[in-house]
Structure formats: C-alpha cells, structure tokens
$ cat start01.cif   # mmCIF, C-alpha atoms
data_query
#
loop_
_atom_site.label_atom_id
_atom_site.label_comp_id
_atom_site.auth_asym_id
_atom_site.auth_seq_id
_atom_site.Cartn_x
_atom_site.Cartn_y
_atom_site.Cartn_z
CA MET H 1 100.85 36.19 46.60
CA SER H 2 99.04 38.72 44.40
CA TYR H 3 96.61 41.27 45.66
CA LEU H 4 93.22 41.55 43.99
CA SER H 5 90.59 43.61 45.79
CA VAL H 6 86.88 43.60 45.04
CA ASN H 7 87.36 47.01 43.49
CA LEU H 8 90.04 45.76 41.09
CA SER H 9 88.09 42.59 40.32
CA ASN H 10 85.15 44.75 39.25
CA LEU H 11 87.34 47.03 37.12
CA ILE H 12 88.92 44.04 35.39
CA ALA H 13 85.50 42.50 34.73
CA ALA H 14 84.28 45.79 33.22
CA VAL H 15 87.30 46.06 30.92
CA LYS H 16 87.01 42.44 29.78
CA LYS H 17 83.29 42.75 29.11
CA ALA H 18 83.80 45.90 27.05
CA SER H 19 86.66 44.23 25.14
CA ALA H 20 84.92 40.90 24.51
CA HIS H 21 84.16 41.54 20.83
CA LEU H 22 87.50 43.17 19.94
CA ASP H 23 89.35 39.90 19.38
CA ARG H 24 86.77 38.88 16.77
CA ASP H 25 86.70 42.37 15.25
CA PHE H 26 90.48 42.45 15.04
CA SER H 27 90.58 39.14 13.14
CA GLU H 28 88.13 40.55 10.56
CA ILE H 29 89.94 43.82 9.93
CA GLU H 30 92.35 42.44 7.34
CA GLN H 31 89.51 41.22 5.13
CA LEU H 32 87.76 44.60 5.29
CA GLN H 33 90.69 46.84 4.39
CA SER H 34 89.92 46.60 0.67
CA SER H 35 86.55 48.28 1.26
CA VAL H 36 87.28 51.77 2.58
CA ARG H 37 83.71 52.71 3.50
CA ASP H 38 82.81 49.44 5.23
CA TYR H 39 86.23 49.30 6.86
CA ARG H 40 85.96 52.74 8.47
CA THR H 41 82.42 52.11 9.64
CA PHE H 42 83.43 48.75 11.08
CA VAL H 43 86.36 50.03 13.14
CA MET H 44 84.44 53.05 14.45
CA ASN H 45 81.55 50.80 15.45
CA GLY H 46 84.02 48.68 17.38
CA TYR H 47 85.49 51.70 19.13
CA ASN H 48 82.09 53.13 20.03
CA LYS H 49 80.88 49.78 21.36
CA VAL H 50 83.85 49.52 23.72
CA ASP H 51 83.30 53.10 24.87
CA ARG H 52 79.59 52.53 25.51
CA ILE H 53 79.91 49.23 27.39
CA LEU H 54 82.87 50.47 29.42
CA LYS H 55 80.95 53.53 30.60
CA GLN H 56 77.85 51.49 31.40
CA GLU H 57 79.81 48.97 33.46
CA LEU H 58 81.88 51.55 35.30
CA LEU H 59 78.84 53.62 36.23
CA ARG H 60 77.32 50.51 37.77
CA LEU H 61 80.37 50.33 40.03
CA ARG H 62 80.52 54.05 40.87
CA PRO H 63 77.26 55.82 39.91
CA ASN H 64 78.48 59.13 41.38
CA TYR H 65 81.73 59.21 39.39
CA VAL H 66 82.17 61.27 36.23
CA PHE H 67 84.26 60.62 33.11
CA ALA H 68 87.23 62.88 32.50
CA ALA H 69 87.55 64.39 29.03
CA ASP H 70 90.87 64.80 27.24
CA GLY H 71 91.85 68.44 26.82
CA LYS H 72 90.16 69.48 30.07
CA PRO H 73 91.46 69.41 33.66
CA ALA H 74 90.86 66.14 35.49
CA PRO H 75 87.79 66.57 37.71
CA ARG H 76 88.27 66.81 41.45
CA GLY H 77 86.65 64.08 43.48
CA GLY H 78 85.96 60.69 41.91
CA CYS H 79 86.29 60.14 38.16
CA PHE H 80 87.25 57.58 35.54
CA ILE H 81 89.81 58.24 32.83
CA ILE H 82 89.22 55.75 30.03
CA GLU H 83 90.80 54.95 26.67
CA PRO H 84 88.49 52.63 24.69
CA ILE H 85 91.17 51.63 22.18
CA GLY H 86 94.66 52.95 22.76
CA GLY H 87 96.91 52.44 19.77
CA PHE H 88 93.88 52.89 17.54
CA ALA H 89 95.99 53.22 14.39
CA ASN H 90 97.55 49.83 15.15
CA PHE H 91 94.09 48.31 15.59
CA VAL H 92 92.93 49.87 12.32
CA HIS H 93 95.92 48.43 10.43
CA GLY H 94 95.67 44.95 11.90
CA ILE H 95 98.68 45.32 14.22
CA SER H 96 98.17 43.52 17.51
CA ARG H 97 99.52 46.24 19.78
CA PHE H 98 96.51 48.09 21.14
CA SER H 99 94.81 48.30 24.52
CA VAL H 100 91.75 49.15 26.55
CA SER H 101 92.61 51.08 29.70
CA VAL H 102 90.83 52.50 32.74
CA ALA H 103 92.12 54.63 35.60
CA MET H 104 89.91 55.21 38.63
CA CYS H 105 90.93 58.58 40.05
CA GLU H 106 90.44 60.59 43.20
CA ASN H 107 91.31 64.29 43.26
CA GLY H 108 92.95 64.07 39.86
CA LEU H 109 95.28 61.13 40.57
CA PRO H 110 94.86 57.42 39.71
CA VAL H 111 94.16 55.05 42.62
CA ALA H 112 93.31 51.91 40.59
CA ALA H 113 94.14 50.99 37.00
CA VAL H 114 93.72 48.30 34.36
CA VAL H 115 95.47 48.03 30.98
CA TYR H 116 94.40 45.16 28.69
CA ASN H 117 95.54 44.03 25.26
CA PRO H 118 92.75 41.73 23.94
CA ALA H 119 94.86 40.57 20.98
CA SER H 120 97.55 39.04 23.21
CA ASP H 121 95.31 38.55 26.27
CA GLU H 122 97.80 40.50 28.42
CA LEU H 123 96.20 42.27 31.35
CA PHE H 124 98.01 44.55 33.80
CA PHE H 125 96.47 46.01 36.94
CA ALA H 126 97.39 48.05 40.02
CA GLU H 127 95.88 49.68 43.06
CA LYS H 128 97.55 52.47 45.03
CA GLY H 129 99.73 51.08 47.79
CA MET H 130 99.11 47.46 46.78
CA GLY H 131 101.54 46.85 43.93
CA ALA H 132 101.22 46.22 40.21
CA TYR H 133 100.57 42.86 38.60
CA LYS H 134 100.16 41.01 35.33
CA GLU H 135 97.24 38.60 35.22
CA GLY H 136 98.16 34.92 35.20
CA PHE H 137 96.19 31.71 34.79
CA ARG H 138 96.79 30.34 38.30
CA SER H 139 98.51 33.25 40.04
CA HIS H 140 99.28 36.85 39.13
CA GLU H 141 102.82 38.03 38.47
CA ARG H 142 104.12 40.91 40.59
CA LEU H 143 105.57 43.64 38.37
CA ARG H 144 108.88 45.35 39.06
CA VAL H 145 110.61 48.00 36.97
CA SER H 146 114.02 47.03 35.62
CA SER H 147 117.19 47.42 37.67
CA ARG H 148 119.45 48.50 34.81
CA LYS H 149 121.93 51.15 35.84
CA GLU H 150 123.47 52.32 32.58
CA LEU H 151 121.76 54.13 29.73
CA VAL H 152 123.89 52.28 27.21
CA ASP H 153 122.16 49.03 28.23
CA SER H 154 118.66 50.51 28.26
CA LEU H 155 115.70 50.16 25.92
CA ILE H 156 113.58 53.32 25.81
CA ALA H 157 110.05 53.74 24.42
CA CYS H 158 108.95 57.09 22.97
CA ALA H 159 105.57 58.48 21.89
CA ALA H 160 103.98 61.60 20.48
CA PRO H 161 100.44 62.18 19.16
CA ALA H 162 99.96 61.42 15.48
CA GLY H 163 99.39 64.50 13.35
CA ASP H 164 100.73 66.94 15.96
CA GLU H 165 103.67 68.49 14.13
CA ASP H 166 105.26 70.22 17.12
CA SER H 167 105.04 67.11 19.28
CA LEU H 168 106.41 64.91 16.52
CA ARG H 169 109.36 67.29 16.21
CA SER H 170 109.87 67.00 19.98
CA ASP H 171 109.70 63.22 19.72
CA TRP H 172 112.33 63.17 16.99
CA ALA H 173 114.48 65.60 18.99
CA VAL H 174 114.27 63.28 22.00
CA ALA H 175 115.11 60.25 19.86
CA GLY H 176 118.09 62.18 18.47
CA LYS H 177 119.39 62.79 21.99
CA LEU H 178 118.95 59.14 22.92
CA TYR H 179 120.59 57.51 19.88
CA GLY H 180 124.17 56.63 20.63
CA HIS H 181 123.54 56.71 24.38
CA VAL H 182 121.04 53.84 24.79
CA ALA H 183 120.65 50.27 23.56
CA GLY H 184 117.60 51.15 21.48
CA VAL H 185 114.57 53.39 21.01
CA ARG H 186 111.10 52.00 20.27
CA SER H 187 107.81 53.60 19.26
CA PHE H 188 105.07 50.96 19.32
CA GLY H 189 101.94 53.10 19.16
CA SER H 190 100.20 52.39 22.49
CA SER H 191 101.41 54.53 25.39
CA ALA H 192 99.37 52.57 27.94
CA LEU H 193 101.06 49.32 26.91
CA ASP H 194 104.48 50.98 26.77
CA LEU H 195 104.02 52.14 30.37
CA ALA H 196 102.85 48.66 31.37
CA TYR H 197 106.05 47.30 29.83
CA VAL H 198 108.11 49.78 31.87
CA ALA H 199 106.30 48.48 34.96
CA ALA H 200 107.14 44.92 33.88
CA GLY H 201 110.82 45.75 33.34
CA LYS H 202 110.70 45.12 29.57
CA PHE H 203 111.35 48.78 28.76
CA ASP H 204 113.67 50.73 31.04
CA ALA H 205 111.91 54.04 30.45
CA PHE H 206 109.12 55.73 28.51
CA ILE H 207 109.14 59.30 27.21
CA GLY H 208 106.08 61.01 25.74
CA HIS H 209 105.07 64.50 24.66
CA ALA H 210 101.66 66.19 24.53
CA LEU H 211 99.83 62.92 25.14
CA ASN H 212 96.20 62.79 26.24
CA MET H 213 95.65 61.94 29.89
CA SER H 214 93.58 58.93 28.76
CA GLU H 215 96.76 57.52 27.17
CA ILE H 216 98.90 57.70 30.31
CA ALA H 217 96.75 57.82 33.48
CA ALA H 218 96.43 54.04 33.98
CA GLY H 219 100.04 53.38 33.01
CA ILE H 220 101.34 55.95 35.48
CA LEU H 221 99.90 53.98 38.39
CA LEU H 222 101.35 50.72 37.03
CA VAL H 223 104.83 52.26 36.91
CA LYS H 224 104.52 53.84 40.36
CA GLU H 225 103.29 50.61 41.97
CA ALA H 226 106.09 48.66 40.26
CA GLY H 227 108.70 50.87 41.93
CA GLY H 228 109.32 53.34 39.12
CA TYR H 229 109.31 57.13 38.99
CA VAL H 230 107.24 59.48 36.85
CA TYR H 231 108.30 63.04 36.02
CA GLU H 232 107.50 65.93 33.74
CA PRO H 233 110.66 65.80 31.57
CA ALA H 234 111.22 69.57 31.75
CA GLN H 235 110.52 70.02 35.48
CA LYS H 236 113.33 71.88 37.23
CA ASP H 237 113.80 69.50 40.14
CA ILE H 238 113.29 65.73 40.11
CA ARG H 239 113.81 65.17 43.81
CA THR H 240 110.02 65.00 43.98
CA GLU H 241 107.42 63.91 41.43
CA ASN H 242 104.51 66.04 40.25
CA LEU H 243 101.98 63.60 38.81
CA GLU H 244 99.29 66.25 38.42
CA MET H 245 101.64 68.26 36.20
CA VAL H 246 102.39 65.16 34.13
CA ILE H 247 98.71 64.31 33.65
CA SER H 248 97.73 67.89 32.77
CA SER H 249 100.65 68.50 30.35
CA GLY H 250 100.81 65.03 28.80
CA ASN H 251 104.61 65.26 28.94
CA ILE H 252 106.05 62.25 30.75
CA MET H 253 109.26 60.49 31.67
CA ALA H 254 108.65 57.15 33.41
CA VAL H 255 111.85 55.44 34.52
CA ASN H 256 113.51 53.19 37.07
CA ALA H 257 115.33 54.65 40.09
CA ASN H 258 118.81 53.89 38.75
CA LEU H 259 118.38 55.75 35.48
CA ASN H 260 116.21 58.73 36.45
CA ASN H 261 119.01 61.29 36.96
CA LYS H 262 121.01 60.06 33.96
CA LEU H 263 118.03 60.15 31.61
CA TYR H 264 116.85 63.54 32.92
CA ASP H 265 120.32 65.03 32.42
CA LEU H 266 120.52 63.61 28.88
CA LEU H 267 117.11 65.01 27.91
CA ASN H 268 117.82 68.42 29.37
CA LYS H 269 121.30 69.00 27.90
#
$ encode --input "start01.cif" --output "structure tokens"
Amino acid sequence: MSYLSVNLSNLIAAVKKASAHLDRDFSEIEQLQSSVRDYRTFVMNGYNKVDRILKQELLRLRPNYVFAADGKPAPRGGCFIIEPIGGFANFVHGISRFSVSVAMCENGLPVAAVVYNPASDELFFAEKGMGAYKEGFRSHERLRVSSRKELVDSLIACAAPAGDEDSLRSDWAVAGKLYGHVAGVRSFGSSALDLAYVAAGKFDAFIGHALNMSEIAAGILLVKEAGGYVYEPAQKDIRTENLEMVISSGNIMAVNANLNNKLYDLLNK
C-alpha cells in the first residue's frame, strides 16, 4: 500500500495547480512556432506563470521557508528547490518530455519531492524514509531501481547543460567511455525525469555534469527512496555517499547497487 502523507499531498496539489495550464499551452506551441516574437513571449509567459503559482502555493504550506537559487549554496534550515519547467528546450520545441519539480529541503538535503510531466500525466513522489512512488488512478506504484548486474545490459541516461562547452565536452567524453560497454546511452533533455526513470527501473543509471541543483534535487530523493545510490562521479571513495557535494557541484552518478562499482570504475579509468 502506498504512503501519502499530508505533506506530500499538499506538495502534489501545489505542483498540479501550477502546471494546470501547461497541457493547453503545450498543445498550442506548434501553431505558434512560425511567429518568433509571439512564440517566445508565449513560452516565457507559461514558464513565469508556473514559477509564480508554484511559489505562491508552496509559501502557503511553509511560510517560513525560502527558495534556493541556482548557482548559490543551498540555504541551511528549510527551503524549496524548484524547477518550473525542466527540459525547457523540449517544451519550446513541442517535445513532450518536460517536467515541473519541487524538492522540500532541510539543511541542504531533500526530504520530500515531486516530479511531474503534465504532457504524459506522469507524477513521481517521495518522502525521506517512506519510499518513492508513481501516482496511479486507484493505487500508487512503489518504485524500485533496476536489478541489472551487467553494464552490457544497461541503459544509461546522460545530461549536461546546453551551451556550456566544457560540460558538453565532459558529456561526450562520458558517452565515449560508455559506448561499447552498455546497451545504450540516452539524452532526453529533462534530468528530473531521467532520475525518476532511474527510480522506476527504466534507466539503470543517470550521469550528469555541471547541472543546476534545481534539475537534480527532487530526482535524487526519488532514486534514494527507490533503493538506488547517488555519488559525485569523481569522488575518491564510493563506500559512502556525499549528497551535499553532488547538489553543490551538479555532478551526479545515480545508479543501482549492482552496477555502482562497475560504472564508477568505467568512468574513472
């Protein structure tokens, strides 16, 4: 039986309210792409509306919390890390792989999280110590990372920030190390959804470089609560995790327990 606390119910309601118009907006994007000025205004209005409603709703739940800003250390105490539209380039181009995500954090680490794709109506949620789930119509599906043991059978997702030349080089270097050793490498454009898919066992691992904490904070908790591990890919010792280092650096390897040593060794050859 799935776990859904009052706290999570409120977070989910806030995310769905903020996302309510995105399905309609998304269906109109294709018709607007021929008009560059109207098109850009339209998509930015959509983004800003999600951001505004999300902040309003979350502050109703926790008036004393602050909002973390990408590029700055996560605040100590209570804060929200939000991504109004993750995979924004996908949204802009009419590709249905984007998400709205929220991580509720205490002392820099996520304790509750929601990742929602309005286009597919897929919603993933987790609370620390209570497991990770995908929303269902009658009951919610408990998420578990995959149990694959061999890299050659594994599907790996990769991500790097668009326009960041050094990170893109790192991403290609990682992909180069993986090809020939894994079943496939994917780059779908929404890190939050990629991490949710690791939690759901669809991807066996996710690797990202120089990502914003808003892109990964919610997904980290999903992976952890689904039984996965999260590391900084270059950390010297993976006997213990350092989630604060991952969130601050934006460098992440999220993986199941069977593959963690094998993937770490491959990346650090």
$ closest_atom_pairs --input "start01.cif" --of "range 186-262 of chain H" --to "range 123-135 of chain H" --cutoff "10 Å" --atoms "all atoms listed in the file" --output "CSV"
residue,atom,partner,partner_atom,distance
H:Leu193,CA,H:Phe124,CA,8.9
H:Ala196,CA,H:Phe124,CA,6.8
H:Tyr197,CA,H:Phe124,CA,9.4
H:Ala199,CA,H:Ala132,CA,7.6
H:Ala200,CA,H:Lys134,CA,8.1
H:Ala218,CA,H:Phe125,CA,8.6
H:Gly219,CA,H:Phe125,CA,9.1
H:Ile220,CA,H:Ala126,CA,9.9
H:Leu221,CA,H:Ala126,CA,6.6
H:Leu222,CA,H:Ala132,CA,5.5
H:Val223,CA,H:Ala132,CA,7.8
H:Lys224,CA,H:Ala132,CA,8.3
H:Glu225,CA,H:Gly131,CA,4.6
H:Ala226,CA,H:Ala132,CA,5.4
H:Gly227,CA,H:Gly131,CA,8.5
$ resolve_selection --input "start01.cif" --expression "the PyMOL selection byres ((chain H and resi 79) around 10)" --output "number ranges by chain"
H: 62, 64-68, 74-78, 80-82, 103-110
$ closest_residue --input "start01.cif" --among "H:Pro84, H:Gly136, H:Leu61, H:Asp70" --to "Lys49 in chain H" --atoms "only C-alpha atoms"
H:Pro84
$ axis_aligned_box --input "start01.cif" --around "range 121-134 of chain H" --padding-each-side "6 Å" --output "AutoDock Vina command-line options"
--center_x 98.4 --center_y 45.5 --center_z 37.0 --size_x 18.2 --size_y 25.9 --size_z 33.5
$ atom_distance --input "start01.cif" --atom1 "CA of Ala157 in chain H" --atom2 "CA of Arg142 in chain H"
21.5 Å
$ atom_distance --input "start01.cif" --atom1 "CA of Ala210 in chain H" --atom2 "CA of Ser249 in chain H"
6.3 Å
$ closest_residue --input "start01.cif" --among "H:Val92, H:Ala113, H:Leu151, H:Ala160" --to "Val43 in chain H" --atoms "all atoms listed in the file"
H:Val92
$ atom_distance --input "start01.cif" --atom1 "CA of Leu143 in chain H" --atom2 "CA of Asp194 in chain H"
13.8 Å
$ resolve_selection --input "start01.cif" --expression "the PyMOL selection byres ((chain H and resi 150) around 12)" --output "compact mmCIF listing (two decimals) with C-alpha atoms, in the frame of the given file"
# COMPACT_ATOMS: atom_id res chain seq x y z
CA SER H 146 114.02 47.03 35.62
CA SER H 147 117.19 47.42 37.67
CA ARG H 148 119.45 48.50 34.81
CA LYS H 149 121.93 51.15 35.84
CA LEU H 151 121.76 54.13 29.73
CA VAL H 152 123.89 52.28 27.21
CA ASP H 153 122.16 49.03 28.23
CA SER H 154 118.66 50.51 28.26
CA LEU H 155 115.70 50.16 25.92
CA HIS H 181 123.54 56.71 24.38
CA VAL H 182 121.04 53.84 24.79
CA ALA H 183 120.65 50.27 23.56
CA ASP H 204 113.67 50.73 31.04
CA ALA H 205 111.91 54.04 30.45
CA ASN H 256 113.51 53.19 37.07
CA ALA H 257 115.33 54.65 40.09
CA ASN H 258 118.81 53.89 38.75
CA LEU H 259 118.38 55.75 35.48
CA ASN H 260 116.21 58.73 36.45
CA ASN H 261 119.01 61.29 36.96
CA LYS H 262 121.01 60.06 33.96
CA LEU H 263 118.03 60.15 31.61
$ residues_around --input "start01.cif" --residues "Asn268 in chain H" --least-positions-apart "5" --cutoff "10 Å" --atoms "only C-alpha atoms" --output "PyMOL selection string"
chain H and resi 174+177+233-236+263
$ resolve_selection --input "start01.cif" --expression "the PyMOL selection byres ((chain H and resi 95) around 12)" --output "list in words"
Asp23, Phe26, Ser27, Ile29, Glu30, Gly87, Phe88, Ala89, Asn90, Phe91, Val92, His93, Gly94, Ser96, Arg97, Phe98, Ser99, Asn117, Pro118, Ala119, Ser120, Phe188, Gly189 and Ser190 of chain H
$ closest_residue --input "start01.cif" --among "H:Leu11, H:Ile85, H:Ala20, H:Ala112" --to "Asn48 in chain H" --atoms "all atoms listed in the file"
H:Ile85
$ closest_residue --input "start01.cif" --among "H:Glu122, H:Val50, H:Lys202, H:Val15" --to "Arg144 in chain H" --atoms "only C-alpha atoms"
H:Lys202
$ residues_near_point --input "start01.cif" --point "(108.6, 62.1, 43.0)" --cutoff "8 Å" --atoms "all atoms listed in the file" --output "list in words"
Tyr229, Val230, Tyr231, Ile238, Arg239, Thr240, Glu241, Asn242 and Leu243 of chain H
$ write_last_selection --input "start01.cif" --atoms "C-alpha atoms" --output "PDB file, keeping the file's coordinate frame"
ATOM      1  CA  TYR H 229     109.310  57.130  38.990  1.00  0.00           C
ATOM      2  CA  VAL H 230     107.240  59.480  36.850  1.00  0.00           C
ATOM      3  CA  TYR H 231     108.300  63.040  36.020  1.00  0.00           C
ATOM      4  CA  ILE H 238     113.290  65.730  40.110  1.00  0.00           C
ATOM      5  CA  ARG H 239     113.810  65.170  43.810  1.00  0.00           C
ATOM      6  CA  THR H 240     110.020  65.000  43.980  1.00  0.00           C
ATOM      7  CA  GLU H 241     107.420  63.910  41.430  1.00  0.00           C
ATOM      8  CA  ASN H 242     104.510  66.040  40.250  1.00  0.00           C
ATOM      9  CA  LEU H 243     101.980  63.600  38.810  1.00  0.00           C
TER      10      LEU H 243
END
$ closest_residue --input "start01.cif" --among "H:Ile207, H:Ala69, H:Val115, H:Ile53" --to "Val100 in chain H" --atoms "only C-alpha atoms"
H:Val115
$ closest_residue --input "start01.cif" --among "H:Val198, H:Leu267, H:Ala159, H:Val6" --to "Glu215 in chain H" --atoms "all atoms listed in the file"
H:Ala159
$ decode --input "start01.cif" --residues "range 177-249 of chain H" --atoms "C-alpha atoms" --output "PDB file, in the first residue's frame"
ATOM      1  CA  LYS H 177      33.571   5.726 -22.303  1.00  0.00           C
ATOM      2  CA  LEU H 178      30.142   4.119 -22.135  1.00  0.00           C
ATOM      3  CA  TYR H 179      29.710   3.152 -25.804  1.00  0.00           C
ATOM      4  CA  GLY H 180      30.697  -0.442 -26.346  1.00  0.00           C
ATOM      5  CA  HIS H 181      30.251  -1.254 -22.659  1.00  0.00           C
ATOM      6  CA  VAL H 182      26.496  -0.643 -22.198  1.00  0.00           C
ATOM      7  CA  ALA H 183      23.281  -1.473 -24.028  1.00  0.00           C
ATOM      8  CA  GLY H 184      22.630   2.167 -24.877  1.00  0.00           C
ATOM      9  CA  VAL H 185      23.084   5.817 -23.929  1.00  0.00           C
ATOM     10  CA  ARG H 186      20.193   8.299 -23.919  1.00  0.00           C
ATOM     11  CA  SER H 187      19.990  12.068 -23.538  1.00  0.00           C
ATOM     12  CA  PHE H 188      16.341  13.099 -23.278  1.00  0.00           C
ATOM     13  CA  GLY H 189      16.640  16.667 -22.030  1.00  0.00           C
ATOM     14  CA  SER H 190      14.982  16.559 -18.589  1.00  0.00           C
ATOM     15  CA  SER H 191      17.278  15.478 -15.764  1.00  0.00           C
ATOM     16  CA  ALA H 192      14.436  15.334 -13.239  1.00  0.00           C
ATOM     17  CA  LEU H 193      12.517  12.879 -15.419  1.00  0.00           C
ATOM     18  CA  ASP H 194      15.669  10.876 -16.170  1.00  0.00           C
ATOM     19  CA  LEU H 195      16.254  10.460 -12.430  1.00  0.00           C
ATOM     20  CA  ALA H 196      12.606   9.499 -11.944  1.00  0.00           C
ATOM     21  CA  TYR H 197      13.107   6.829 -14.611  1.00  0.00           C
ATOM     22  CA  VAL H 198      16.165   5.523 -12.758  1.00  0.00           C
ATOM     23  CA  ALA H 199      13.975   5.283  -9.648  1.00  0.00           C
ATOM     24  CA  ALA H 200      11.367   3.406 -11.701  1.00  0.00           C
ATOM     25  CA  GLY H 201      13.950   0.961 -13.090  1.00  0.00           C
ATOM     26  CA  LYS H 202      13.551   2.152 -16.695  1.00  0.00           C
ATOM     27  CA  PHE H 203      17.080   3.555 -16.818  1.00  0.00           C
ATOM     28  CA  ASP H 204      19.802   1.708 -14.936  1.00  0.00           C
ATOM     29  CA  ALA H 205      21.824   4.844 -14.226  1.00  0.00           C
ATOM     30  CA  PHE H 206      21.992   8.584 -14.841  1.00  0.00           C
ATOM     31  CA  ILE H 207      25.164  10.637 -15.250  1.00  0.00           C
ATOM     32  CA  GLY H 208      25.202  14.440 -15.344  1.00  0.00           C
ATOM     33  CA  HIS H 209      27.776  17.216 -15.271  1.00  0.00           C
ATOM     34  CA  ALA H 210      27.546  20.808 -14.015  1.00  0.00           C
ATOM     35  CA  LEU H 211      23.770  20.618 -13.647  1.00  0.00           C
ATOM     36  CA  ASN H 212      21.787  23.123 -11.605  1.00  0.00           C
ATOM     37  CA  MET H 213      20.586  21.863  -8.238  1.00  0.00           C
ATOM     38  CA  SER H 214      17.012  22.612  -9.362  1.00  0.00           C
ATOM     39  CA  GLU H 215      17.459  19.963 -12.080  1.00  0.00           C
ATOM     40  CA  ILE H 216      18.516  17.155  -9.746  1.00  0.00           C
ATOM     41  CA  ALA H 217      17.380  17.806  -6.148  1.00  0.00           C
ATOM     42  CA  ALA H 218      13.918  16.199  -6.437  1.00  0.00           C
ATOM     43  CA  GLY H 219      15.206  13.310  -8.540  1.00  0.00           C
ATOM     44  CA  ILE H 220      17.943  12.498  -6.038  1.00  0.00           C
ATOM     45  CA  LEU H 221      15.370  11.730  -3.357  1.00  0.00           C
ATOM     46  CA  LEU H 222      13.339   9.587  -5.776  1.00  0.00           C
ATOM     47  CA  VAL H 223      16.408   7.474  -6.559  1.00  0.00           C
ATOM     48  CA  LYS H 224      17.435   7.179  -2.904  1.00  0.00           C
ATOM     49  CA  GLU H 225      13.949   6.149  -1.776  1.00  0.00           C
ATOM     50  CA  ALA H 226      13.740   3.615  -4.621  1.00  0.00           C
ATOM     51  CA  GLY H 227      16.867   1.857  -3.330  1.00  0.00           C
ATOM     52  CA  GLY H 228      19.466   3.483  -5.571  1.00  0.00           C
ATOM     53  CA  TYR H 229      22.746   5.238  -4.831  1.00  0.00           C
ATOM     54  CA  VAL H 230      23.860   8.763  -5.697  1.00  0.00           C
ATOM     55  CA  TYR H 231      27.514   9.787  -5.969  1.00  0.00           C
ATOM     56  CA  GLU H 232      29.739  12.567  -7.215  1.00  0.00           C
ATOM     57  CA  PRO H 233      31.317  10.724 -10.180  1.00  0.00           C
ATOM     58  CA  ALA H 234      34.850  11.887  -9.322  1.00  0.00           C
ATOM     59  CA  GLN H 235      34.694  11.298  -5.556  1.00  0.00           C
ATOM     60  CA  LYS H 236      37.610   9.202  -4.322  1.00  0.00           C
ATOM     61  CA  ASP H 237      35.630   6.692  -2.291  1.00  0.00           C
ATOM     62  CA  ILE H 238      32.111   5.435  -3.022  1.00  0.00           C
ATOM     63  CA  ARG H 239      31.687   3.407   0.139  1.00  0.00           C
ATOM     64  CA  THR H 240      29.647   6.368   1.374  1.00  0.00           C
ATOM     65  CA  GLU H 241      27.540   8.928  -0.492  1.00  0.00           C
ATOM     66  CA  ASN H 242      28.002  12.689  -0.265  1.00  0.00           C
ATOM     67  CA  LEU H 243      24.709  14.186  -1.413  1.00  0.00           C
ATOM     68  CA  GLU H 244      25.683  17.712  -0.394  1.00  0.00           C
ATOM     69  CA  MET H 245      28.707  17.502  -2.694  1.00  0.00           C
ATOM     70  CA  VAL H 246      26.506  16.252  -5.536  1.00  0.00           C
ATOM     71  CA  ILE H 247      23.966  19.060  -5.096  1.00  0.00           C
ATOM     72  CA  SER H 248      26.623  21.775  -4.831  1.00  0.00           C
ATOM     73  CA  SER H 249      28.726  20.549  -7.791  1.00  0.00           C
TER      74      SER H 249
END
